[in-house]
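Asks: Data: entry_32.cif, mmCIF, C-alpha atoms.
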data_query
#
loop_
_atom_site.label_atom_id
_atom_site.label_comp_id
_atom_site.auth_asym_id
_atom_site.auth_seq_id
_atom_site.Cartn_x
_atom_site.Cartn_y
_atom_site.Cartn_z
CA MET D 28 -1.54 186.13 24.59
CA SER D 29 0.75 184.46 22.02
CA ASN D 30 4.07 186.06 21.09
CA ARG D 31 4.05 184.19 17.79
CA PRO D 32 4.34 186.56 14.78
CA ASP D 33 1.12 187.06 12.85
CA ASN D 34 2.64 185.69 9.63
CA GLU D 35 3.95 182.41 11.16
CA ASP D 36 0.89 180.38 10.12
CA SER D 37 1.04 181.61 6.55
CA GLY D 38 4.69 180.62 6.29
CA SER D 39 4.41 177.28 8.06
CA ALA D 40 3.69 175.30 4.89
CA ASP D 41 6.80 176.72 3.22
CA SER D 42 8.82 175.91 6.34
CA VAL D 43 7.67 172.29 6.26
CA LYS D 44 8.58 172.04 2.57
CA LYS D 45 12.06 173.31 3.27
CA LEU D 46 12.51 170.73 6.03
CA GLU D 47 11.40 167.84 3.82
CA PRO D 48 14.39 165.93 2.47
CA GLU D 49 14.99 166.31 -1.25
CA LYS D 50 13.88 163.22 -3.16
CA LYS D 51 16.98 161.59 -4.63
CA ILE D 52 17.02 160.33 -8.19
CA ASP D 53 17.93 156.65 -8.47
CA ALA D 54 20.62 157.01 -11.13
CA TYR D 55 20.75 153.24 -11.67
CA SER D 56 17.10 153.00 -12.70
CA GLU D 57 16.93 156.48 -14.27
CA TYR D 58 19.94 156.17 -16.58
CA LEU D 59 20.65 152.42 -16.82
CA GLN D 60 17.01 151.25 -16.66
CA LEU D 61 17.86 148.71 -13.94
CA ALA D 62 15.06 147.04 -12.00
CA ASP D 63 14.40 148.21 -8.45
CA GLY D 64 16.52 146.48 -5.82
CA ASN D 65 19.49 146.97 -3.54
CA ARG D 66 21.46 150.15 -4.08
CA PRO D 67 24.17 150.15 -5.04
CA PRO D 68 23.53 146.96 -7.03
CA HIS D 69 26.07 144.17 -7.10
CA LEU D 70 28.33 144.11 -10.16
CA TYR D 71 26.27 141.62 -12.19
CA GLN D 72 23.06 143.59 -11.55
CA LEU D 73 24.94 146.74 -12.51
CA LEU D 74 25.94 145.26 -15.87
CA ASP D 75 22.51 143.62 -16.34
CA ILE D 76 24.00 140.17 -16.99
CA GLU D 77 23.51 136.74 -15.46
CA LEU D 78 24.86 136.13 -11.96
CA PHE D 79 28.50 134.93 -11.88
CA CYS D 80 28.76 135.31 -15.70
CA PRO D 81 31.89 133.34 -16.70
CA HIS D 82 32.35 134.85 -20.18
CA PRO D 83 34.85 137.79 -20.41
CA GLU D 84 33.55 138.90 -23.80
CA ARG D 85 29.98 138.98 -22.49
CA ILE D 86 31.15 141.06 -19.50
CA ASN D 87 32.98 143.55 -21.70
CA GLN D 88 30.00 143.91 -24.04
CA ALA D 89 27.86 144.76 -21.01
CA VAL D 90 30.41 147.30 -19.74
CA ARG D 91 30.42 149.07 -23.12
CA ARG D 92 26.61 149.03 -23.27
CA GLN D 93 26.20 150.54 -19.78
CA PHE D 94 28.79 153.24 -20.47
CA ARG D 95 26.96 154.15 -23.70
CA LYS D 96 23.68 154.47 -21.81
CA ILE D 97 24.93 156.84 -19.13
CA LYS D 98 27.64 158.85 -20.93
CA PRO D 99 25.22 161.28 -22.69
CA TYR D 100 24.09 162.53 -19.25
CA GLU D 101 27.50 163.26 -17.72
CA GLU D 102 27.31 166.96 -18.71
CA ASN D 103 23.99 167.48 -16.89
CA PRO D 104 23.72 171.13 -15.69
CA ASP D 105 22.71 170.00 -12.17
CA ARG D 106 25.86 169.45 -10.10
CA GLN D 107 24.25 166.86 -7.83
CA VAL D 108 23.03 164.85 -10.82
CA ARG D 109 26.52 164.99 -12.35
CA GLU D 110 27.99 163.66 -9.11
CA ARG D 111 25.53 160.75 -9.03
CA ILE D 112 26.27 159.94 -12.66
CA GLN D 113 30.00 160.04 -11.96
CA ASP D 114 29.50 157.62 -9.05
CA VAL D 115 27.68 155.19 -11.35
CA MET D 116 30.39 155.49 -14.03
CA THR D 117 33.03 154.77 -11.39
CA HIS D 118 30.99 151.74 -10.32
CA ILE D 119 30.92 150.46 -13.93
CA ALA D 120 34.68 150.97 -14.24
CA THR D 121 35.14 148.98 -11.03
CA ALA D 122 33.00 146.16 -12.45
CA LYS D 123 35.19 146.06 -15.56
CA THR D 124 38.37 145.86 -13.48
CA VAL D 125 37.15 143.27 -10.97
CA LEU D 126 35.30 140.94 -13.34
CA ASN D 127 38.13 140.89 -15.90
CA ASN D 128 40.70 139.85 -13.31
CA PRO D 129 40.32 136.08 -12.62
CA ILE D 130 41.64 136.33 -9.05
CA GLN D 131 39.57 139.39 -8.12
CA LYS D 132 36.49 137.88 -9.79
CA ALA D 133 36.83 134.61 -7.87
CA GLU D 134 37.16 136.50 -4.58
CA TYR D 135 34.22 138.77 -5.44
CA ASP D 136 32.02 135.84 -6.50
CA GLU D 137 32.78 134.03 -3.25
CA ARG D 138 31.83 137.08 -1.15
CA LEU D 139 28.67 137.68 -3.22
CA ALA D 140 27.58 134.03 -2.96
CA LYS D 141 27.90 134.23 0.83
CA ALA D 142 25.94 137.49 0.95
CA LEU D 143 23.19 135.98 -1.25
CA LYS D 144 23.36 132.67 0.69
CA ILE D 145 23.70 130.51 -2.39
CA ASP D 146 26.18 127.89 -3.63
CA ARG D 147 27.92 129.47 -6.62
CA ASP D 148 29.02 126.22 -8.27
CA GLU D 149 25.59 124.63 -7.93
CA TYR D 150 23.95 127.79 -9.24
CA LEU D 151 26.14 127.82 -12.35
CA LEU D 152 25.40 124.15 -13.06
CA THR D 153 21.67 124.81 -13.04
CA ARG D 154 21.79 127.97 -15.14
CA THR D 155 21.20 127.48 -18.89
CA ALA D 156 22.69 130.89 -19.65
CA ALA D 157 25.93 129.86 -17.97
CA ARG D 158 26.67 127.40 -20.78
CA PRO D 159 29.14 128.81 -23.29
CA PRO D 160 27.33 130.59 -26.13
CA GLU D 161 27.40 128.74 -29.45
CA PHE D 162 26.87 131.59 -31.93
CA CYS D 163 28.00 135.17 -32.39
CA ILE D 164 27.66 138.08 -34.78
CA THR D 165 30.72 140.00 -35.96
CA VAL D 166 30.86 143.39 -37.68
CA ILE D 167 33.08 142.76 -40.70
CA ALA D 168 32.54 146.00 -42.64
CA GLY D 169 31.28 149.49 -41.89
CA PRO D 170 32.27 152.95 -40.65
CA ALA D 171 32.82 151.74 -37.05
CA GLN D 172 32.84 148.69 -34.76
CA VAL D 173 34.62 146.56 -37.40
CA GLY D 174 36.06 143.44 -35.76
CA SER D 175 33.67 143.68 -32.79
CA ARG D 176 32.16 140.30 -31.90
CA PHE D 177 28.97 139.87 -29.88
CA GLU D 178 28.09 136.50 -28.37
CA LEU D 179 24.44 135.41 -28.52
CA LEU D 180 22.80 134.05 -25.37
CA PRO D 181 19.42 132.26 -25.44
CA ASP D 182 17.79 134.52 -22.85
CA LYS D 183 19.00 137.81 -24.34
CA SER D 184 17.69 139.69 -27.36
CA ILE D 185 20.27 141.67 -29.36
CA THR D 186 19.27 145.07 -30.78
CA LEU D 187 21.14 146.87 -33.57
CA GLY D 188 20.85 150.55 -34.42
CA THR D 189 22.20 154.03 -33.79
CA ASN D 190 20.58 154.37 -30.36
CA ALA D 191 23.21 154.48 -27.62
CA GLN D 192 21.12 151.99 -25.66
CA ALA D 193 21.15 149.40 -28.47
CA THR D 194 23.13 146.25 -27.70
CA ILE D 195 25.23 146.94 -30.78
CA CYS D 196 25.43 150.68 -31.40
CA LEU D 197 26.30 151.31 -35.07
CA PRO D 198 26.99 155.01 -35.74
CA SER D 199 25.58 156.04 -39.13
CA LEU D 200 23.29 158.62 -40.71
CA ARG D 201 21.72 155.86 -42.82
CA LEU D 202 20.61 153.59 -39.97
CA ALA D 203 17.55 153.97 -37.74
CA PRO D 204 17.80 154.23 -33.93
CA LEU D 205 16.45 150.67 -33.86
CA GLN D 206 17.26 148.90 -37.12
CA ALA D 207 16.92 145.19 -36.32
CA THR D 208 16.72 142.61 -33.54
CA VAL D 209 18.28 139.18 -33.19
CA ASP D 210 16.78 136.64 -30.79
CA GLN D 211 16.24 132.91 -30.41
CA ARG D 212 13.02 131.25 -31.46
CA ASP D 213 12.44 127.46 -31.39
CA ASP D 214 16.19 126.75 -31.14
CA ASN D 215 16.91 128.99 -34.15
CA TRP D 216 18.43 132.46 -34.22
CA VAL D 217 16.25 134.91 -36.13
CA ILE D 218 16.97 138.46 -37.32
CA ARG D 219 14.00 140.78 -37.83
CA ASN D 220 13.70 144.24 -39.34
CA ALA D 221 12.39 146.75 -36.82
CA ASN D 222 10.29 148.44 -39.50
CA GLU D 223 9.03 147.40 -42.94
CA SER D 224 10.47 150.55 -44.53
CA LEU D 225 14.04 149.70 -43.45
CA VAL D 226 16.51 147.88 -45.69
CA MET D 227 17.88 144.52 -44.56
CA ILE D 228 19.68 142.10 -46.88
CA VAL D 229 20.68 138.55 -45.89
CA ASN D 230 22.93 136.65 -48.32
CA ASP D 231 22.19 139.20 -51.08
CA ALA D 232 18.40 138.82 -50.74
CA ARG D 233 16.27 141.61 -49.31
CA CYS D 234 13.98 140.43 -46.49
CA GLN D 235 12.10 141.46 -43.35
CA GLU D 236 12.88 138.37 -41.27
CA GLN D 237 15.34 135.52 -41.65
CA VAL D 238 16.26 132.35 -39.75
CA LEU D 239 20.05 132.49 -39.56
CA GLU D 240 22.57 129.77 -40.34
CA SER D 241 26.29 129.86 -39.62
CA GLY D 242 28.07 131.82 -42.35
CA ASP D 243 25.10 134.05 -43.21
CA VAL D 244 26.00 137.62 -44.15
CA ILE D 245 23.68 140.47 -43.12
CA ASP D 246 23.77 143.93 -44.73
CA LEU D 247 22.25 146.85 -42.80
CA VAL D 248 22.74 149.93 -45.03
CA GLY D 249 26.43 150.62 -44.51
CA TYR D 250 27.34 147.72 -42.22
CA ARG D 251 28.05 144.07 -43.02
CA ILE D 252 27.62 141.54 -40.23
CA LEU D 253 28.61 137.86 -40.13
CA PHE D 254 26.56 135.30 -38.19
CA SER D 255 28.73 132.33 -37.25
CA GLU D 256 29.41 129.57 -34.79
CA ILE D 257 31.92 130.36 -32.08
CA PRO D 258 34.99 128.20 -32.73
CA LYS D 259 35.75 125.64 -30.03
CA ALA D 260 39.39 126.70 -29.98
CA PRO D 261 40.79 130.17 -30.72
CA ARG D 262 41.71 130.63 -34.36
CA LYS D 263 44.86 132.43 -35.42
CA ALA D 264 44.22 135.59 -37.38
CA ASN D 265 45.01 135.34 -41.08
CA ALA D 266 48.20 137.34 -41.36
CA ASN D 267 47.66 137.61 -45.13
CA ALA D 268 44.40 139.53 -44.71
CA PRO D 269 45.19 142.93 -43.18
CA PRO D 270 42.20 145.12 -42.30
CA LEU D 271 41.39 147.67 -45.01
CA SER D 272 40.05 151.21 -44.74
CA LEU D 273 38.60 153.36 -47.52
CA VAL D 274 38.48 157.09 -46.78
CA VAL D 275 36.76 159.77 -48.87
CA HIS D 276 39.31 162.59 -49.24
CA SER D 277 37.28 164.78 -51.56
CA GLY D 278 33.89 164.83 -53.21
CA PRO D 279 30.26 165.50 -52.28
CA SER D 280 29.16 164.97 -48.69
CA VAL D 281 28.28 161.35 -47.83
CA PRO D 282 26.66 159.86 -44.70
CA ASP D 283 29.71 157.70 -43.94
CA PRO D 284 33.02 158.96 -45.39
CA LEU D 285 34.90 156.00 -43.86
CA MET D 286 34.46 152.30 -44.65
CA ASN D 287 36.44 149.66 -42.73
CA LEU D 288 36.69 146.03 -43.86
CA MET D 289 38.14 142.80 -42.58
CA SER D 290 38.30 139.46 -44.36
CA PRO D 291 36.04 137.86 -45.62
CA ALA D 292 34.00 141.03 -46.18
CA SER D 293 33.48 142.67 -49.55
CA VAL D 294 31.88 146.03 -50.19
CA LEU D 295 29.62 147.10 -53.04
CA ILE D 296 30.10 150.80 -53.83
CA GLY D 297 27.35 152.60 -55.68
CA ARG D 298 24.38 154.93 -55.72
CA CYS D 299 21.62 152.38 -54.95
CA ASP D 300 20.12 152.18 -51.48
CA THR D 301 21.27 148.57 -51.10
CA ALA D 302 24.95 149.39 -51.71
CA LEU D 303 26.98 148.69 -48.60
CA TRP D 304 28.89 151.95 -49.18
CA GLN D 305 26.49 154.44 -50.73
CA LEU D 306 28.03 157.35 -52.67
CA ALA D 307 25.70 159.89 -54.26
CA GLY D 308 26.13 161.74 -57.53
CA LYS D 309 25.05 161.42 -61.16
CA ASP D 310 28.51 160.17 -62.17
CA VAL D 311 28.25 157.24 -59.75
CA SER D 312 26.49 154.15 -61.15
CA LEU D 313 23.92 152.24 -59.12
CA HIS D 314 26.42 149.36 -58.84
CA HIS D 315 29.74 151.07 -59.59
CA ALA D 316 32.58 149.02 -58.08
CA ARG D 317 33.41 146.33 -55.56
CA VAL D 318 36.31 145.90 -53.13
CA GLU D 319 36.88 142.31 -52.00
CA TRP D 320 39.43 139.87 -50.58
CA ASP D 321 40.38 137.18 -53.11
CA GLY D 322 42.29 134.95 -50.69
CA ALA D 323 45.63 136.67 -51.27
CA PHE D 324 44.99 140.38 -51.89
CA TRP D 325 42.40 143.11 -51.56
CA GLN D 326 41.12 143.84 -55.06
CA LEU D 327 39.18 146.65 -56.71
CA ARG D 328 36.76 145.60 -59.47
CA ASP D 329 34.77 147.86 -61.75
CA LEU D 330 31.16 146.69 -62.26
CA HIS D 331 30.70 148.01 -65.83
CA SER D 332 30.12 151.50 -64.48
CA ASP D 333 29.13 154.34 -66.82
CA THR D 334 32.04 156.65 -65.94
CA GLY D 335 34.68 154.08 -65.05
CA THR D 336 36.81 153.34 -61.99
CA PHE D 337 40.33 154.76 -61.69
CA LEU D 338 43.24 153.64 -59.52
CA ASN D 339 46.17 156.05 -59.12
CA GLY D 340 45.00 157.90 -62.23
CA GLU D 341 44.60 154.85 -64.50
CA LYS D 342 41.28 153.37 -65.57
CA VAL D 343 40.96 149.78 -64.36
CA THR D 344 38.56 146.88 -64.62
CA GLN D 345 40.29 144.90 -61.87
CA SER D 346 43.39 145.68 -59.82
CA ILE D 347 45.17 144.77 -56.58
CA LEU D 348 45.00 147.48 -53.89
CA GLY D 349 48.01 148.73 -51.95
CA HIS D 350 48.51 151.04 -48.98
CA ARG D 351 47.93 154.72 -49.88
CA ASP D 352 46.49 153.91 -53.32
CA VAL D 353 43.98 156.49 -54.56
CA ILE D 354 40.68 155.43 -56.11
CA ASN D 355 38.75 157.92 -58.27
CA LEU D 356 35.11 157.04 -58.67
CA GLY D 357 32.83 159.67 -60.18
CA PRO D 358 33.42 162.91 -58.22
CA TYR D 359 35.07 161.08 -55.30
CA GLU D 360 38.73 160.66 -54.41
CA ILE D 361 39.17 157.75 -52.00
CA GLN D 362 42.38 156.76 -50.23
CA VAL D 363 43.21 153.14 -49.40
CA ARG D 364 44.74 152.28 -46.05
CA LEU D 365 46.04 148.80 -45.23
CA ARG D 366 46.70 148.18 -41.53
CA LYS D 367 49.19 145.43 -40.72
#
Here is a file; write its structure as structure tokens.

Replies:
Amino acid sequence: MSNRPDNEDSGSADSVKKLEPEKKIDAYSEYLQLADGNRPPHLYQLLDIELFCPHPERINQAVRRQFRKIKPYEENPDRQVRERIQDVMTHIATAKTVLNNPIQKAEYDERLAKALKIDRDEYLLTRTAARPPEFCITVIAGPAQVGSRFELLPDKSITLGTNAQATICLPSLRLAPLQATVDQRDDNWVIRNANESLVMIVNDARCQEQVLESGDVIDLVGYRILFSEIPKAPRKANANAPPLSLVVHSGPSVPDPLMNLMSPASVLIGRCDTALWQLAGKDVSLHHARVEWDGAFWQLRDLHSDTGTFLNGEKVTQSILGHRDVINLGPYEIQVRLRK
């Protein structure tokens, strides 16, 4: 006769379940959307860039992108998930440190090449993506990211929008999560609107798709972006063109109360949906005023507005801007900040 308790059979299934190991979430694929492979991935897989990438700016773009992807999950209520996310964030931080230090990067690349059983130098010579990129896009005006430059590589599509997973994340209430894409087609770089209802302006002409040429200026409701060739040698910054910020101090609520500019950007201020800086209100004209760099100074210009443009209390048609100047435009009071 068995001494086993009568209820052992009924509880056996639960017992087996408790003994089964808990299935672990692969944080790298779950939060960074990395392809299946070795875990942890090597640093180039982690950053989702080409093997042995020699371009520091490309590496740093990838670091920022991966941090943006995973950061929203770091407050997960599950302690074990938080720990896995923290491990991945530490791994990304390590990648940034190692791959930005020439000596550490060379040592790491040598170890990785041995582990992968490949000749690093030969691999780089045969990789098209290893050639220095020829073009870039630079944010030259907008509420954020001004001055950020993003190199364009033939095998990589660039996405722009408010989504944290976009290649270029542009915070704004006016932009869509995915606003536009930039990729190469038949040796040309092309920008495309993600949706027909979205506003995109290239060189002052509204469009849905445009083949880009060096010097083209792209407006995406609140942001101005410059497409240009990457100079062969580093250029010295123009000391006579300090970055400019315009800050709404009082007035009705606006999607973006801050507008940053750097030369050669200009900003159209007005009520229309194509204005780079859109300010609402019946006392604001569709095309009210423009702030632009004239080669020597930042200038404010009234565009024949209905209610006028005022600088430090005086009505102006055109005037040079200085640090801490106050612009009154309809119901808005805007402070000027020049950063040297």

Asks: Where does the PyMOL selection byres ((chain D and resi 118) around 10) land in this file, that is, which residues does it pick, as a ChimeraX atom specification?

Replies: /D:67-70,73-74,112-117,119-124

Asks: Residues as selected, C-alpha atoms, written as a compact mmCIF listing (two decimals), in the coordinates of the input, can you do that?

Replies:
# COMPACT_ATOMS: atom_id res chain seq x y z
CA PRO D 67 24.17 150.15 -5.04
CA PRO D 68 23.53 146.96 -7.03
CA HIS D 69 26.07 144.17 -7.10
CA LEU D 70 28.33 144.11 -10.16
CA LEU D 73 24.94 146.74 -12.51
CA LEU D 74 25.94 145.26 -15.87
CA ILE D 112 26.27 159.94 -12.66
CA GLN D 113 30.00 160.04 -11.96
CA ASP D 114 29.50 157.62 -9.05
CA VAL D 115 27.68 155.19 -11.35
CA MET D 116 30.39 155.49 -14.03
CA THR D 117 33.03 154.77 -11.39
CA ILE D 119 30.92 150.46 -13.93
CA ALA D 120 34.68 150.97 -14.24
CA THR D 121 35.14 148.98 -11.03
CA ALA D 122 33.00 146.16 -12.45
CA LYS D 123 35.19 146.06 -15.56
CA THR D 124 38.37 145.86 -13.48

Asks: Write out as a compact mmCIF listing (two decimals) with C-alpha atoms, in the frame of the given file each polymer residue whose atoms come within 6 Å of Glu360 (chain D), counting all atoms listed in the file; drop sequence neighbours fewer than 4 positions from it.

Replies:
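Done, and the output landed in result-v9.txt:
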# COMPACT_ATOMS: atom_id res chain seq x y z
CA VAL D 275 36.76 159.77 -48.87
CA HIS D 276 39.31 162.59 -49.24
CA SER D 277 37.28 164.78 -51.56
CA ILE D 354 40.68 155.43 -56.11
CA ASN D 355 38.75 157.92 -58.27

Asks: Would you compute the distance between CA of Arg95 (chain D) and CA of Glu178 (chain D)? Give it in Å to one decimal.

Replies: 18.3 Å

Asks: Step by step, work through what the PyMOL selection byres ((chain D and resi 184) around 8) selects in the shown file, and finish by giving those residues as an MDAnalysis selection string.

Replies: chainID D and resid 180:183 185:186 208:211

Asks: Compare D:Gln305, D:Thr336, D:Asn230, D:Ser272 by their minimum atom-to-atom distance to His350 (chain D), counting all atoms listed in the file, and give me the closest one.

Replies: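 Using all atoms listed in the file, the shortest distance to His350 (chain D) belongs to D:Ser272.
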
Asks: Go through the shown structure with the PyMOL selection byres ((chain D and resi 279) around 8) and write out the matching residues as a list in words.

Replies: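 After applying the PyMOL selection byres ((chain D and resi 279) around 8), what remains is Ser277, Gly278, Ser280, Val281, Ala307, Gly308, Pro358 and Tyr359 of chain D.
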
Asks: List the neighbours of region 194-207 of chain D out to 8 Å using only C-alpha atoms; skip same-chain residues closer than 2 positions along the sequence, and give me the result as a list of chain:residue names.

Replies: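 Using only C-alpha atoms, the neighbours found are D:Arg92, D:Pro170, D:Ala171, D:Gln172, D:Ile185, D:Thr186, D:Leu187, D:Gly188, D:Thr189, D:Asn190, D:Ala191, D:Gln192, D:Val209, D:Ile218, D:Arg219, D:Asn220, D:Ala221, D:Asn222, D:Leu225, D:Leu247, D:Val248, D:Gly249, D:Pro282, D:Asp283.
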
Asks: Interatomic distance between CA of Leu253 (chain D) and CA of Thr165 (chain D)?

Replies: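 Between CA of Leu253 (chain D) and CA of Thr165 (chain D) the gap is 5.1 Å.
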
Asks: Just to confirm, what's the straight-line distance from CA of Lys98 (chain D) to CA of Ile167 (chain D) in Å (one decimal)?

Replies: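 About the pair CA of Lys98 (chain D) and CA of Ile167 (chain D): they are 26.1 Å apart.
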
Asks: At most 10 Å from (39.9, 151.0, -50.2), file frame, all atoms listed in the file: which residues, as a ChimeraX atom specification?

Replies: /D:271-275,285-288,294,317-319,325-327,348-354,361-365

Asks: Have a look at D:Arg328, D:His82, D:Arg109, D:Lys144 and name the one nearest to Lys132 (chain D); count all atoms listed in the file.

Replies: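 Among the listed residues, the smallest separation from Lys132 (chain D) belongs to D:His82.
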
Asks: For Leu306 (chain D), find every residue with an atom within 8 Å (counting all atoms listed in the file), except residues of its own chain fewer than 5 positions away, and show them as a ChimeraX atom specification.

Replies: /D:281,296-298,311

Asks: Considering all atoms listed in the file, can you say which of D:Leu59, D:Thr344, D:Pro269, D:Asp333 comes closest to Pro99 (chain D)?

Replies: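 Smallest distance to Pro99 (chain D) is found for D:Leu59.
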
Asks: For each of D:Pro270, D:Pro160, D:Gly242, D:Pro83, take the minimum atom-to-atom distance to Val173 (chain D), counting all atoms listed in the file, then give the residue where this is smallest.

Replies: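 Nearest to Val173 (chain D): D:Pro270.
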
Asks: Determine the nearest neighbour of Ile52 (chain D) from the options D:Lys96, D:Arg111, D:Arg176, D:Arg106, counting only C-alpha atoms.

Replies: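 Of D:Lys96, D:Arg111, D:Arg176, D:Arg106, the one nearest Ile52 (chain D), counting only C-alpha atoms, is D:Arg111.
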